[in-house]
Amino acid sequence: MTERADPAASAVLETSKADTPVLSLRSATLAYGDRVLWKNLNLDVKPGEFLAVLGSNGTGKTSLLRAILGQQQLSSGSIELLGEPVRRGHRGIGYIPQQRLIEQGTPLRARDLVTLGINGHRWGLPVTGRRTRQQVDRVLASVGATSYANVPVATLSGGEQQRIRVGQAIASNPALLLCDEPLSSLDLNHQRVVSDLIDERRRAIGSAVVFVTHDINPVLDKVDRVLYLAGGRFRIGTPDEVLRSEVLSYMYNTPIEVIRTRGRVAVLGAPEGYGVHDHLEHHIDDRWQR
Amino acid sequence: MIEMFSAVNAALFDFTDYGELLVLVRNSIIAGAVLGIVGGLIGPFVMSRDLAFAVHGISELSFAGAAAALLLGINVVAGSIGGSLLAALIIGLLGNRARERNSIVGVMMPFGLGLGILFLALYEGRAANKFGLLTGQIVSVDNPQLGLLLVIGAIVVVGLVIMWRPLTFSSVDPDVARARAVPVTAISITFMVLLGLATAISIQIVGALLVLALLVTPAAAAMRVTASPLITPILSVVFAVVSVVGGIMLSLGGALPISPFVTTISFTIYLVCRLIGWQRDRSGASGRRVSTKPVAA
Ligand SMILES: Nc1ncnc2c1ncn2[C@@H]1O[C@H](COP(=O)(O)OP(=O)(O)O)[C@@H](O)[C@H]1O
Ligand SMILES: [Mg+2]
């Protein structure tokens, strides 16, 4: 997939190649009623950058993606995508929704789902030219799905569907890849496969990646910066800058210990959902909550 | 015993003057073919949008509209379209989630049916018309009526063809479609309008209670044997046309209404497709290519 067959998609990439950020939030604040999820968020995501969004359940990670997709109005501030205010959706975006299995009986094969990622927005009958078919074949090969390209998506396993999802999201060479917990409900092996895939693809096509996740460990070696959301506060920086005991203790307003060992991060004492799969943490958490 | 059998046989099939009859009902057969095409094309979307129950609800309100039209002495097709569109828009605007939608349909359906029965009870016209709207009939479709069916059928088909790809996208994968700037909500409302129109014209032939045999069964059958987005609608159209036109032809000879024939043919096709699909699942012919090289995870 080094060549880019779709001129429109490459045009999106060309604009993003210039030093303008792909995504830019200015004093962005989101509150539901008087419950503030995040406030005065300033963030520029550069082309090719890998940003992990961390935070426990309900801290507004999905809401952030929805705001970027123009589906959620900010309470104040602004979001720009490729130098323009966000609209409802954008062709320069590839999106992997929070994992949801495709329903049984859906009349689509794996390759059809990927094809929709390229031309699903175009009016008319689903006739696909040779160029697009070849492009789809390349995408399927790049996500290792060639052998089940013609299998009904609904009959694929969760891990296989997730690969197809990655393929669909990258098929149009998006300038920005939004991934909402793409690793949840995958086993460790598939977590690695899928995160490697996303990383490898963003390097190949230069997309910026906003990667929402519970657990940073599967992507720790790929992440450029982390946006950590907690209790209405946030921190942005490299993993080394953000994933520190002092920083998280301040954010959660409770003693928290961050242990880095053998290339992994363990956070002890963070409220449930930070998601280093460590039972100890939940017990400690229980005690602190009461 | 034999006498009884031949009496039943005569009631079911009396093929004297078949050719003459055929000319007379030429219009019905054209109408049937059009309905088959419309139903076969819209069916896969009804399935993938999980709207089978909604179709049932729409058809009941459509029946009420038709009955009201009969009572008021205005065009029955127009009345039926009015009822359908009202129902389709209510479901489209209020029923975004499946459960919400089902409860709306569940509430609307008996209301529509009751209303329709009331209008029919008040109406003192030919009895044939009464049953026809519910259980179907060989309407001796006259030319203006056929014209109306053709025009509405064409609107539905053209509408579907124009929206086909984004409609597929937003039916199977609405979140991603929305992210890719597909106007999912507008498409959904437009689809409900087309579905309302398709239901309204189907009622004219197969009746309100049996619309599902046309809008759902053929697509469900097709989806048992293929997952190709191209072959599914083609098969579904073939199945629907065979059911309706076959049903009309078979009902010509007898005193029975057309609907039992249509439903029997379409149900048989469905059974056969299920069998084929089951056989295929069992033999493991899933379309997976067996790789010679080991694939990573
Ligand atoms: N449209 C909405 N209206 C009101 N509250 C909402 C809405 N969407 C989400 N919320 C609330 O905002 C919080 C953050 O939700 P979400 O962004 O989904 O969190 P996360 O993805 O980080 O788990 C949750 O408590 C959720 O209940
Ligand atoms: Mg979420």
# chains A, B, ... in the order shown; residues from 1 in each chain; ligands from 1

$ residues_around --residues "Asp240 (chain A)" --least-positions-apart "2" --cutoff "10 Å" --atoms "only C-alpha atoms" --output "ChimeraX atom specification"
/A:225-226,237-238,242-244,260

$ interface_residues --of "chain A" --to "chain B" --cutoff "7 Å" --atoms "only C-alpha atoms" --output "PyMOL selection string"
chain A and resi 69+88-91+93+95+97+105-109+116+120-126+147-148+150-152

$ residues_near_ligand --ligand "ligand 1" --cutoff "7 Å" --atoms "only C-alpha atoms and all ligand atoms" --output "PDB file with N, CA, C and O atoms, in the first residue's frame"
ATOM      1  N   TYR A  32     -21.622  17.899  30.415  1.00  0.00           N
ATOM      2  CA  TYR A  32     -23.032  17.504  30.308  1.00  0.00           C
ATOM      3  C   TYR A  32     -23.713  18.067  31.549  1.00  0.00           C
ATOM      4  O   TYR A  32     -23.442  17.622  32.651  1.00  0.00           O
ATOM      5  N   LEU A  37     -16.475  17.202  31.830  1.00  0.00           N
ATOM      6  CA  LEU A  37     -15.638  16.056  31.495  1.00  0.00           C
ATOM      7  C   LEU A  37     -14.189  16.487  31.280  1.00  0.00           C
ATOM      8  O   LEU A  37     -13.281  15.895  31.824  1.00  0.00           O
ATOM      9  N   GLY A  55      -7.789   6.959  30.356  1.00  0.00           N
ATOM     10  CA  GLY A  55      -8.672   7.458  31.405  1.00  0.00           C
ATOM     11  C   GLY A  55      -9.653   6.381  31.776  1.00  0.00           C
ATOM     12  O   GLY A  55      -9.918   5.484  30.977  1.00  0.00           O
ATOM     13  N   SER A  56     -10.191   6.467  32.990  1.00  0.00           N
ATOM     14  CA  SER A  56     -11.124   5.420  33.394  1.00  0.00           C
ATOM     15  C   SER A  56     -12.454   5.610  32.678  1.00  0.00           C
ATOM     16  O   SER A  56     -12.660   6.599  31.971  1.00  0.00           O
ATOM     17  N   ASN A  57     -13.365   4.681  32.913  1.00  0.00           N
ATOM     18  CA  ASN A  57     -14.682   4.757  32.294  1.00  0.00           C
ATOM     19  C   ASN A  57     -15.370   6.056  32.670  1.00  0.00           C
ATOM     20  O   ASN A  57     -15.321   6.473  33.817  1.00  0.00           O
ATOM     21  N   GLY A  58     -16.018   6.667  31.689  1.00  0.00           N
ATOM     22  CA  GLY A  58     -16.821   7.846  31.976  1.00  0.00           C
ATOM     23  C   GLY A  58     -16.033   9.136  32.062  1.00  0.00           C
ATOM     24  O   GLY A  58     -16.568  10.158  32.468  1.00  0.00           O
ATOM     25  N   THR A  59     -14.758   9.119  31.677  1.00  0.00           N
ATOM     26  CA  THR A  59     -13.986  10.362  31.734  1.00  0.00           C
ATOM     27  C   THR A  59     -14.139  11.178  30.459  1.00  0.00           C
ATOM     28  O   THR A  59     -13.607  12.282  30.364  1.00  0.00           O
ATOM     29  N   GLY A  60     -14.843  10.651  29.477  1.00  0.00           N
ATOM     30  CA  GLY A  60     -15.131  11.445  28.289  1.00  0.00           C
ATOM     31  C   GLY A  60     -14.234  11.145  27.104  1.00  0.00           C
ATOM     32  O   GLY A  60     -14.027  12.005  26.247  1.00  0.00           O
ATOM     33  N   LYS A  61     -13.718   9.938  27.020  1.00  0.00           N
ATOM     34  CA  LYS A  61     -12.863   9.578  25.877  1.00  0.00           C
ATOM     35  C   LYS A  61     -13.695   9.430  24.602  1.00  0.00           C
ATOM     36  O   LYS A  61     -13.377  10.018  23.574  1.00  0.00           O
ATOM     37  N   THR A  62     -14.770   8.649  24.725  1.00  0.00           N
ATOM     38  CA  THR A  62     -15.643   8.501  23.555  1.00  0.00           C
ATOM     39  C   THR A  62     -16.264   9.843  23.180  1.00  0.00           C
ATOM     40  O   THR A  62     -16.376  10.179  21.998  1.00  0.00           O
ATOM     41  N   SER A  63     -16.615  10.628  24.193  1.00  0.00           N
ATOM     42  CA  SER A  63     -17.190  11.948  23.908  1.00  0.00           C
ATOM     43  C   SER A  63     -16.202  12.819  23.140  1.00  0.00           C
ATOM     44  O   SER A  63     -16.602  13.606  22.272  1.00  0.00           O
ATOM     45  N   LEU A  64     -14.912  12.670  23.437  1.00  0.00           N
ATOM     46  CA  LEU A  64     -13.897  13.431  22.714  1.00  0.00           C
ATOM     47  C   LEU A  64     -13.909  13.036  21.233  1.00  0.00           C
ATOM     48  O   LEU A  64     -13.895  13.896  20.344  1.00  0.00           O
TER      49      LEU A  64
END

$ select_by_dssp --residues "region 94-213 of chain B" --states "alpha helix (DSSP H)" --output "compact mmCIF listing (two decimals) with N, CA, C and O atoms, in the first residue's frame"
# COMPACT_ATOMS: atom_id res chain seq x y z
N LEU B 94 -39.34 8.38 15.32
CA LEU B 94 -39.33 8.09 16.75
C LEU B 94 -38.55 6.84 17.12
O LEU B 94 -38.02 6.73 18.21
N ALA B 98 -33.97 -0.35 18.24
CA ALA B 98 -34.83 -1.46 17.87
C ALA B 98 -35.97 -1.65 18.87
O ALA B 98 -37.12 -1.83 18.50
N ARG B 99 -35.64 -1.55 20.16
CA ARG B 99 -36.66 -1.84 21.16
C ARG B 99 -37.74 -0.78 21.15
O ARG B 99 -38.94 -1.08 21.17
N GLU B 100 -37.30 0.49 21.07
CA GLU B 100 -38.21 1.62 20.98
C GLU B 100 -39.14 1.43 19.79
O GLU B 100 -40.36 1.57 19.89
N ARG B 101 -38.53 1.07 18.67
CA ARG B 101 -39.26 0.94 17.42
C ARG B 101 -40.30 -0.17 17.54
O ARG B 101 -41.45 0.00 17.16
N ASN B 102 -39.88 -1.29 18.13
CA ASN B 102 -40.80 -2.40 18.26
C ASN B 102 -42.01 -2.04 19.11
O ASN B 102 -43.12 -2.46 18.83
N SER B 103 -41.77 -1.26 20.17
CA SER B 103 -42.93 -0.93 21.00
C SER B 103 -43.84 0.04 20.27
O SER B 103 -45.07 -0.07 20.37
N ILE B 104 -43.26 0.96 19.49
CA ILE B 104 -44.12 1.86 18.71
C ILE B 104 -44.97 1.06 17.73
O ILE B 104 -46.18 1.25 17.61
N VAL B 105 -44.32 0.12 17.05
CA VAL B 105 -45.04 -0.71 16.07
C VAL B 105 -46.11 -1.53 16.77
O VAL B 105 -47.26 -1.61 16.31
N GLY B 106 -45.73 -2.12 17.92
CA GLY B 106 -46.67 -2.94 18.66
C GLY B 106 -47.91 -2.17 19.09
O GLY B 106 -49.01 -2.72 19.14
N VAL B 107 -47.74 -0.88 19.37
CA VAL B 107 -48.87 -0.05 19.78
C VAL B 107 -49.70 0.36 18.56
O VAL B 107 -50.94 0.34 18.57
N MET B 108 -48.99 0.67 17.49
CA MET B 108 -49.65 1.19 16.30
C MET B 108 -50.44 0.13 15.54
O MET B 108 -51.49 0.42 14.97
N MET B 109 -49.91 -1.09 15.55
CA MET B 109 -50.47 -2.13 14.70
C MET B 109 -51.93 -2.44 15.01
O MET B 109 -52.78 -2.38 14.12
N PRO B 110 -52.25 -2.77 16.27
CA PRO B 110 -53.66 -3.07 16.55
C PRO B 110 -54.55 -1.85 16.33
O PRO B 110 -55.70 -1.98 15.89
N PHE B 111 -54.01 -0.68 16.60
CA PHE B 111 -54.79 0.54 16.39
C PHE B 111 -55.16 0.67 14.92
O PHE B 111 -56.33 0.90 14.58
N GLY B 112 -54.18 0.48 14.06
CA GLY B 112 -54.42 0.58 12.62
C GLY B 112 -55.41 -0.46 12.14
O GLY B 112 -56.35 -0.16 11.40
N LEU B 113 -55.21 -1.67 12.63
CA LEU B 113 -56.08 -2.77 12.22
C LEU B 113 -57.52 -2.49 12.66
O LEU B 113 -58.47 -2.63 11.89
N GLY B 114 -57.66 -2.07 13.92
CA GLY B 114 -58.99 -1.77 14.46
C GLY B 114 -59.66 -0.67 13.66
O GLY B 114 -60.85 -0.77 13.28
N LEU B 115 -58.91 0.37 13.37
CA LEU B 115 -59.43 1.50 12.61
C LEU B 115 -59.91 1.03 11.24
O LEU B 115 -61.01 1.37 10.79
N GLY B 116 -59.07 0.20 10.61
CA GLY B 116 -59.41 -0.32 9.28
C GLY B 116 -60.69 -1.13 9.30
O GLY B 116 -61.56 -0.98 8.44
N ILE B 117 -60.81 -1.98 10.34
CA ILE B 117 -62.00 -2.82 10.44
C ILE B 117 -63.24 -1.96 10.66
O ILE B 117 -64.29 -2.19 10.08
N LEU B 118 -63.08 -0.91 11.45
CA LEU B 118 -64.17 0.03 11.66
C LEU B 118 -64.61 0.64 10.33
O LEU B 118 -65.80 0.64 9.99
N PHE B 119 -63.66 1.13 9.55
CA PHE B 119 -64.00 1.76 8.27
C PHE B 119 -64.69 0.76 7.35
O PHE B 119 -65.66 1.08 6.66
N LEU B 120 -64.17 -0.47 7.35
CA LEU B 120 -64.77 -1.49 6.48
C LEU B 120 -66.20 -1.80 6.91
O LEU B 120 -67.08 -2.02 6.08
N ALA B 121 -66.41 -1.84 8.25
CA ALA B 121 -67.75 -2.15 8.76
C ALA B 121 -68.74 -1.06 8.34
O ALA B 121 -69.90 -1.34 8.05
N LEU B 122 -68.22 0.18 8.30
CA LEU B 122 -69.10 1.29 7.92
C LEU B 122 -69.37 1.31 6.43
O LEU B 122 -70.37 1.83 5.96
N ALA B 127 -68.33 -7.00 -0.96
CA ALA B 127 -67.64 -7.71 0.10
C ALA B 127 -66.22 -8.09 -0.32
O ALA B 127 -65.32 -8.14 0.50
N ALA B 128 -66.02 -8.36 -1.60
CA ALA B 128 -64.72 -8.79 -2.10
C ALA B 128 -63.63 -7.78 -1.72
O ALA B 128 -62.53 -8.15 -1.34
N ASN B 129 -63.99 -6.51 -1.83
CA ASN B 129 -63.03 -5.46 -1.49
C ASN B 129 -62.55 -5.55 -0.05
O ASN B 129 -61.41 -5.26 0.26
N LYS B 130 -63.52 -5.95 0.82
CA LYS B 130 -63.19 -5.96 2.24
C LYS B 130 -62.04 -6.89 2.53
O LYS B 130 -61.02 -6.50 3.08
N PHE B 131 -62.26 -8.15 2.11
CA PHE B 131 -61.22 -9.13 2.40
C PHE B 131 -59.94 -8.84 1.63
O PHE B 131 -58.85 -9.05 2.12
N GLY B 132 -60.15 -8.36 0.43
CA GLY B 132 -59.02 -8.12 -0.46
C GLY B 132 -57.91 -7.32 0.19
O GLY B 132 -56.74 -7.65 0.08
N LEU B 133 -58.29 -6.27 0.90
CA LEU B 133 -57.27 -5.40 1.48
C LEU B 133 -56.45 -6.10 2.55
O LEU B 133 -55.31 -5.77 2.80
N LEU B 134 -57.06 -7.08 3.20
CA LEU B 134 -56.34 -7.77 4.26
C LEU B 134 -55.58 -8.99 3.75
O LEU B 134 -54.45 -9.25 4.12
N THR B 135 -56.25 -9.76 2.91
CA THR B 135 -55.67 -11.05 2.55
C THR B 135 -55.29 -11.14 1.08
O THR B 135 -54.85 -12.18 0.62
N ASN B 143 -56.31 0.10 -16.07
CA ASN B 143 -55.13 0.80 -16.57
C ASN B 143 -54.64 1.96 -15.70
O ASN B 143 -53.46 2.06 -15.44
N PRO B 144 -55.55 2.85 -15.26
CA PRO B 144 -55.05 3.94 -14.39
C PRO B 144 -54.41 3.40 -13.11
O PRO B 144 -53.36 3.89 -12.67
N GLN B 145 -55.02 2.33 -12.56
CA GLN B 145 -54.48 1.76 -11.32
C GLN B 145 -53.08 1.18 -11.56
O GLN B 145 -52.16 1.38 -10.78
N LEU B 146 -52.95 0.48 -12.71
CA LEU B 146 -51.66 -0.09 -13.06
C LEU B 146 -50.64 1.03 -13.24
O LEU B 146 -49.50 0.94 -12.76
N GLY B 147 -51.08 2.10 -13.89
CA GLY B 147 -50.19 3.25 -14.08
C GLY B 147 -49.66 3.76 -12.76
O GLY B 147 -48.45 3.99 -12.60
N LEU B 148 -50.56 3.88 -11.78
CA LEU B 148 -50.16 4.38 -10.47
C LEU B 148 -49.15 3.44 -9.81
O LEU B 148 -48.12 3.88 -9.27
N LEU B 149 -49.43 2.12 -9.88
CA LEU B 149 -48.49 1.15 -9.31
C LEU B 149 -47.13 1.26 -9.98
O LEU B 149 -46.09 1.22 -9.31
N LEU B 150 -47.14 1.39 -11.30
CA LEU B 150 -45.87 1.46 -12.02
C LEU B 150 -45.07 2.69 -11.62
O LEU B 150 -43.87 2.63 -11.38
N VAL B 151 -45.77 3.82 -11.53
CA VAL B 151 -45.08 5.06 -11.18
C VAL B 151 -44.48 4.96 -9.77
O VAL B 151 -43.30 5.26 -9.55
N ILE B 152 -45.29 4.47 -8.83
CA ILE B 152 -44.79 4.38 -7.46
C ILE B 152 -43.66 3.37 -7.36
O ILE B 152 -42.63 3.61 -6.72
N GLY B 153 -43.85 2.22 -8.04
CA GLY B 153 -42.79 1.22 -8.06
C GLY B 153 -41.50 1.81 -8.62
O GLY B 153 -40.41 1.59 -8.07
N ALA B 154 -41.63 2.59 -9.68
CA ALA B 154 -40.43 3.20 -10.29
C ALA B 154 -39.77 4.17 -9.33
O ALA B 154 -38.53 4.21 -9.23
N ILE B 155 -40.57 4.94 -8.61
CA ILE B 155 -39.99 5.88 -7.64
C ILE B 155 -39.16 5.12 -6.60
O ILE B 155 -38.03 5.48 -6.29
N VAL B 156 -39.73 4.02 -6.10
CA VAL B 156 -39.02 3.25 -5.09
C VAL B 156 -37.71 2.69 -5.65
O VAL B 156 -36.65 2.83 -5.05
N VAL B 157 -37.79 2.10 -6.84
CA VAL B 157 -36.59 1.49 -7.42
C VAL B 157 -35.52 2.54 -7.70
O VAL B 157 -34.34 2.37 -7.33
N VAL B 158 -35.92 3.65 -8.31
CA VAL B 158 -34.94 4.70 -8.61
C VAL B 158 -34.34 5.24 -7.31
O VAL B 158 -33.12 5.41 -7.20
N GLY B 159 -35.19 5.45 -6.32
CA GLY B 159 -34.70 5.94 -5.03
C GLY B 159 -33.67 4.99 -4.44
O GLY B 159 -32.60 5.41 -3.98
N LEU B 160 -33.97 3.70 -4.49
CA LEU B 160 -33.04 2.70 -3.94
C LEU B 160 -31.73 2.69 -4.71
O LEU B 160 -30.64 2.64 -4.13
N VAL B 161 -31.84 2.76 -6.03
CA VAL B 161 -30.63 2.69 -6.86
C VAL B 161 -29.71 3.88 -6.54
O VAL B 161 -28.50 3.73 -6.40
N ILE B 162 -30.32 5.06 -6.40
CA ILE B 162 -29.51 6.25 -6.11
C ILE B 162 -28.81 6.12 -4.76
O ILE B 162 -27.62 6.39 -4.62
N MET B 163 -29.54 5.64 -3.76
CA MET B 163 -28.94 5.63 -2.41
C MET B 163 -28.23 4.33 -2.09
O MET B 163 -27.75 4.16 -0.96
N TRP B 164 -28.19 3.40 -3.02
CA TRP B 164 -27.80 2.02 -2.70
C TRP B 164 -26.57 1.93 -1.80
O TRP B 164 -26.60 1.32 -0.73
N ARG B 165 -25.48 2.52 -2.24
CA ARG B 165 -24.22 2.33 -1.52
C ARG B 165 -24.23 2.98 -0.13
O ARG B 165 -23.99 2.30 0.86
N PRO B 166 -24.55 4.29 -0.05
CA PRO B 166 -24.61 4.87 1.30
C PRO B 166 -25.69 4.24 2.18
O PRO B 166 -25.53 4.17 3.40
N LEU B 167 -26.76 3.74 1.54
CA LEU B 167 -27.81 3.06 2.33
C LEU B 167 -27.27 1.76 2.91
O LEU B 167 -27.52 1.45 4.08
N THR B 168 -26.51 1.02 2.10
CA THR B 168 -25.88 -0.19 2.60
C THR B 168 -24.96 0.15 3.75
O THR B 168 -25.00 -0.47 4.83
N PHE B 169 -24.12 1.16 3.52
CA PHE B 169 -23.14 1.57 4.54
C PHE B 169 -23.86 1.93 5.83
O PHE B 169 -23.53 1.43 6.91
N SER B 170 -24.89 2.77 5.73
CA SER B 170 -25.51 3.21 6.98
C SER B 170 -26.42 2.15 7.58
O SER B 170 -26.75 2.24 8.75
N SER B 171 -26.79 1.12 6.80
CA SER B 171 -27.59 0.04 7.39
C SER B 171 -26.72 -0.90 8.21
O SER B 171 -27.09 -1.29 9.31
N VAL B 172 -25.56 -1.28 7.67
CA VAL B 172 -24.77 -2.29 8.37
C VAL B 172 -23.76 -1.68 9.33
O VAL B 172 -23.30 -2.35 10.24
N PRO B 174 -23.64 1.99 10.83
CA PRO B 174 -24.03 3.40 10.90
C PRO B 174 -22.98 4.31 11.55
O PRO B 174 -22.81 5.45 11.12
N ASP B 175 -22.27 3.80 12.55
CA ASP B 175 -21.30 4.67 13.24
C ASP B 175 -20.18 5.10 12.31
O ASP B 175 -19.80 6.28 12.26
N VAL B 176 -19.64 4.12 11.59
CA VAL B 176 -18.54 4.45 10.68
C VAL B 176 -19.06 5.29 9.51
O VAL B 176 -18.42 6.25 9.08
N ALA B 177 -20.26 4.96 9.02
CA ALA B 177 -20.84 5.74 7.92
C ALA B 177 -20.96 7.21 8.33
O ALA B 177 -20.58 8.11 7.58
N ARG B 178 -21.44 7.44 9.55
CA ARG B 178 -21.60 8.81 10.03
C ARG B 178 -20.24 9.49 10.11
O ARG B 178 -20.09 10.65 9.72
N ALA B 179 -19.25 8.77 10.59
CA ALA B 179 -17.90 9.33 10.70
C ALA B 179 -17.36 9.71 9.33
O ALA B 179 -16.57 10.65 9.20
N VAL B 184 -26.50 9.85 7.39
CA VAL B 184 -27.20 8.64 7.85
C VAL B 184 -28.66 8.91 8.20
O VAL B 184 -29.55 8.14 7.81
N THR B 185 -28.92 10.01 8.89
CA THR B 185 -30.30 10.28 9.32
C THR B 185 -31.20 10.57 8.13
O THR B 185 -32.30 10.01 8.02
N ALA B 186 -30.73 11.40 7.21
CA ALA B 186 -31.54 11.73 6.03
C ALA B 186 -31.81 10.47 5.22
O ALA B 186 -32.92 10.25 4.73
N ILE B 187 -30.80 9.63 5.10
CA ILE B 187 -30.96 8.40 4.34
C ILE B 187 -31.98 7.49 5.01
O ILE B 187 -32.83 6.87 4.36
N SER B 188 -31.93 7.45 6.33
CA SER B 188 -32.84 6.60 7.07
C SER B 188 -34.29 7.05 6.88
O SER B 188 -35.19 6.22 6.64
N ILE B 189 -34.53 8.35 6.95
CA ILE B 189 -35.90 8.86 6.77
C ILE B 189 -36.37 8.60 5.33
O ILE B 189 -37.48 8.14 5.09
N THR B 190 -35.48 8.88 4.37
CA THR B 190 -35.85 8.64 2.98
C THR B 190 -36.18 7.17 2.75
O THR B 190 -37.13 6.83 2.05
N PHE B 191 -35.38 6.30 3.38
CA PHE B 191 -35.64 4.88 3.22
C PHE B 191 -37.03 4.53 3.77
O PHE B 191 -37.75 3.74 3.16
N MET B 192 -37.39 5.10 4.91
CA MET B 192 -38.70 4.79 5.48
C MET B 192 -39.82 5.23 4.53
O MET B 192 -40.84 4.56 4.41
N VAL B 193 -39.63 6.37 3.86
CA VAL B 193 -40.63 6.82 2.90
C VAL B 193 -40.75 5.80 1.75
O VAL B 193 -41.86 5.40 1.37
N LEU B 194 -39.61 5.36 1.23
CA LEU B 194 -39.64 4.38 0.15
C LEU B 194 -40.30 3.08 0.62
O LEU B 194 -41.07 2.45 -0.10
N LEU B 195 -40.00 2.71 1.87
CA LEU B 195 -40.58 1.48 2.42
C LEU B 195 -42.10 1.63 2.54
O LEU B 195 -42.85 0.69 2.25
N GLY B 196 -42.54 2.81 2.95
CA GLY B 196 -43.97 3.09 3.04
C GLY B 196 -44.63 2.93 1.67
O GLY B 196 -45.68 2.29 1.53
N LEU B 197 -44.00 3.48 0.65
CA LEU B 197 -44.56 3.39 -0.71
C LEU B 197 -44.61 1.93 -1.17
O LEU B 197 -45.60 1.47 -1.72
N ALA B 198 -43.52 1.20 -0.92
CA ALA B 198 -43.47 -0.20 -1.36
C ALA B 198 -44.55 -1.00 -0.65
O ALA B 198 -45.22 -1.84 -1.27
N THR B 199 -44.74 -0.74 0.64
CA THR B 199 -45.78 -1.46 1.39
C THR B 199 -47.16 -1.15 0.82
O THR B 199 -47.97 -2.05 0.61
N ALA B 200 -47.39 0.13 0.56
CA ALA B 200 -48.71 0.53 0.07
C ALA B 200 -49.07 -0.16 -1.24
O ALA B 200 -50.20 -0.62 -1.41
N ILE B 201 -48.11 -0.27 -2.15
CA ILE B 201 -48.49 -0.92 -3.41
C ILE B 201 -48.55 -2.45 -3.26
O ILE B 201 -49.32 -3.10 -3.93
N SER B 202 -47.78 -3.00 -2.32
CA SER B 202 -47.84 -4.45 -2.13
C SER B 202 -49.19 -4.88 -1.60
O SER B 202 -49.71 -5.94 -1.96
N ILE B 203 -49.75 -4.04 -0.74
CA ILE B 203 -51.05 -4.36 -0.15
C ILE B 203 -52.12 -4.57 -1.21
O ILE B 203 -52.99 -5.43 -1.07
N GLN B 204 -52.00 -3.85 -2.31
CA GLN B 204 -53.02 -3.95 -3.36
C GLN B 204 -53.10 -5.36 -3.92
O GLN B 204 -54.14 -5.77 -4.41
N ILE B 205 -52.02 -6.10 -3.87
CA ILE B 205 -52.03 -7.45 -4.45
C ILE B 205 -52.08 -8.54 -3.37
O ILE B 205 -52.92 -9.42 -3.40
N VAL B 206 -51.15 -8.47 -2.42
CA VAL B 206 -51.11 -9.58 -1.45
C VAL B 206 -51.85 -9.31 -0.16
O VAL B 206 -52.02 -10.21 0.66
N LEU B 212 -45.39 -9.21 4.36
CA LEU B 212 -44.07 -9.73 4.73
C LEU B 212 -43.60 -10.81 3.76
O LEU B 212 -42.41 -10.98 3.53
N ALA B 213 -44.56 -11.55 3.17
CA ALA B 213 -44.19 -12.61 2.24
C ALA B 213 -43.47 -12.03 1.02
O ALA B 213 -42.73 -12.71 0.33

$ closest_residue --among "A:Arg87, A:Arg66, A:Arg202, A:Arg138" --to "ligand 2" --atoms "only C-alpha atoms and all ligand atoms"
A:Arg66
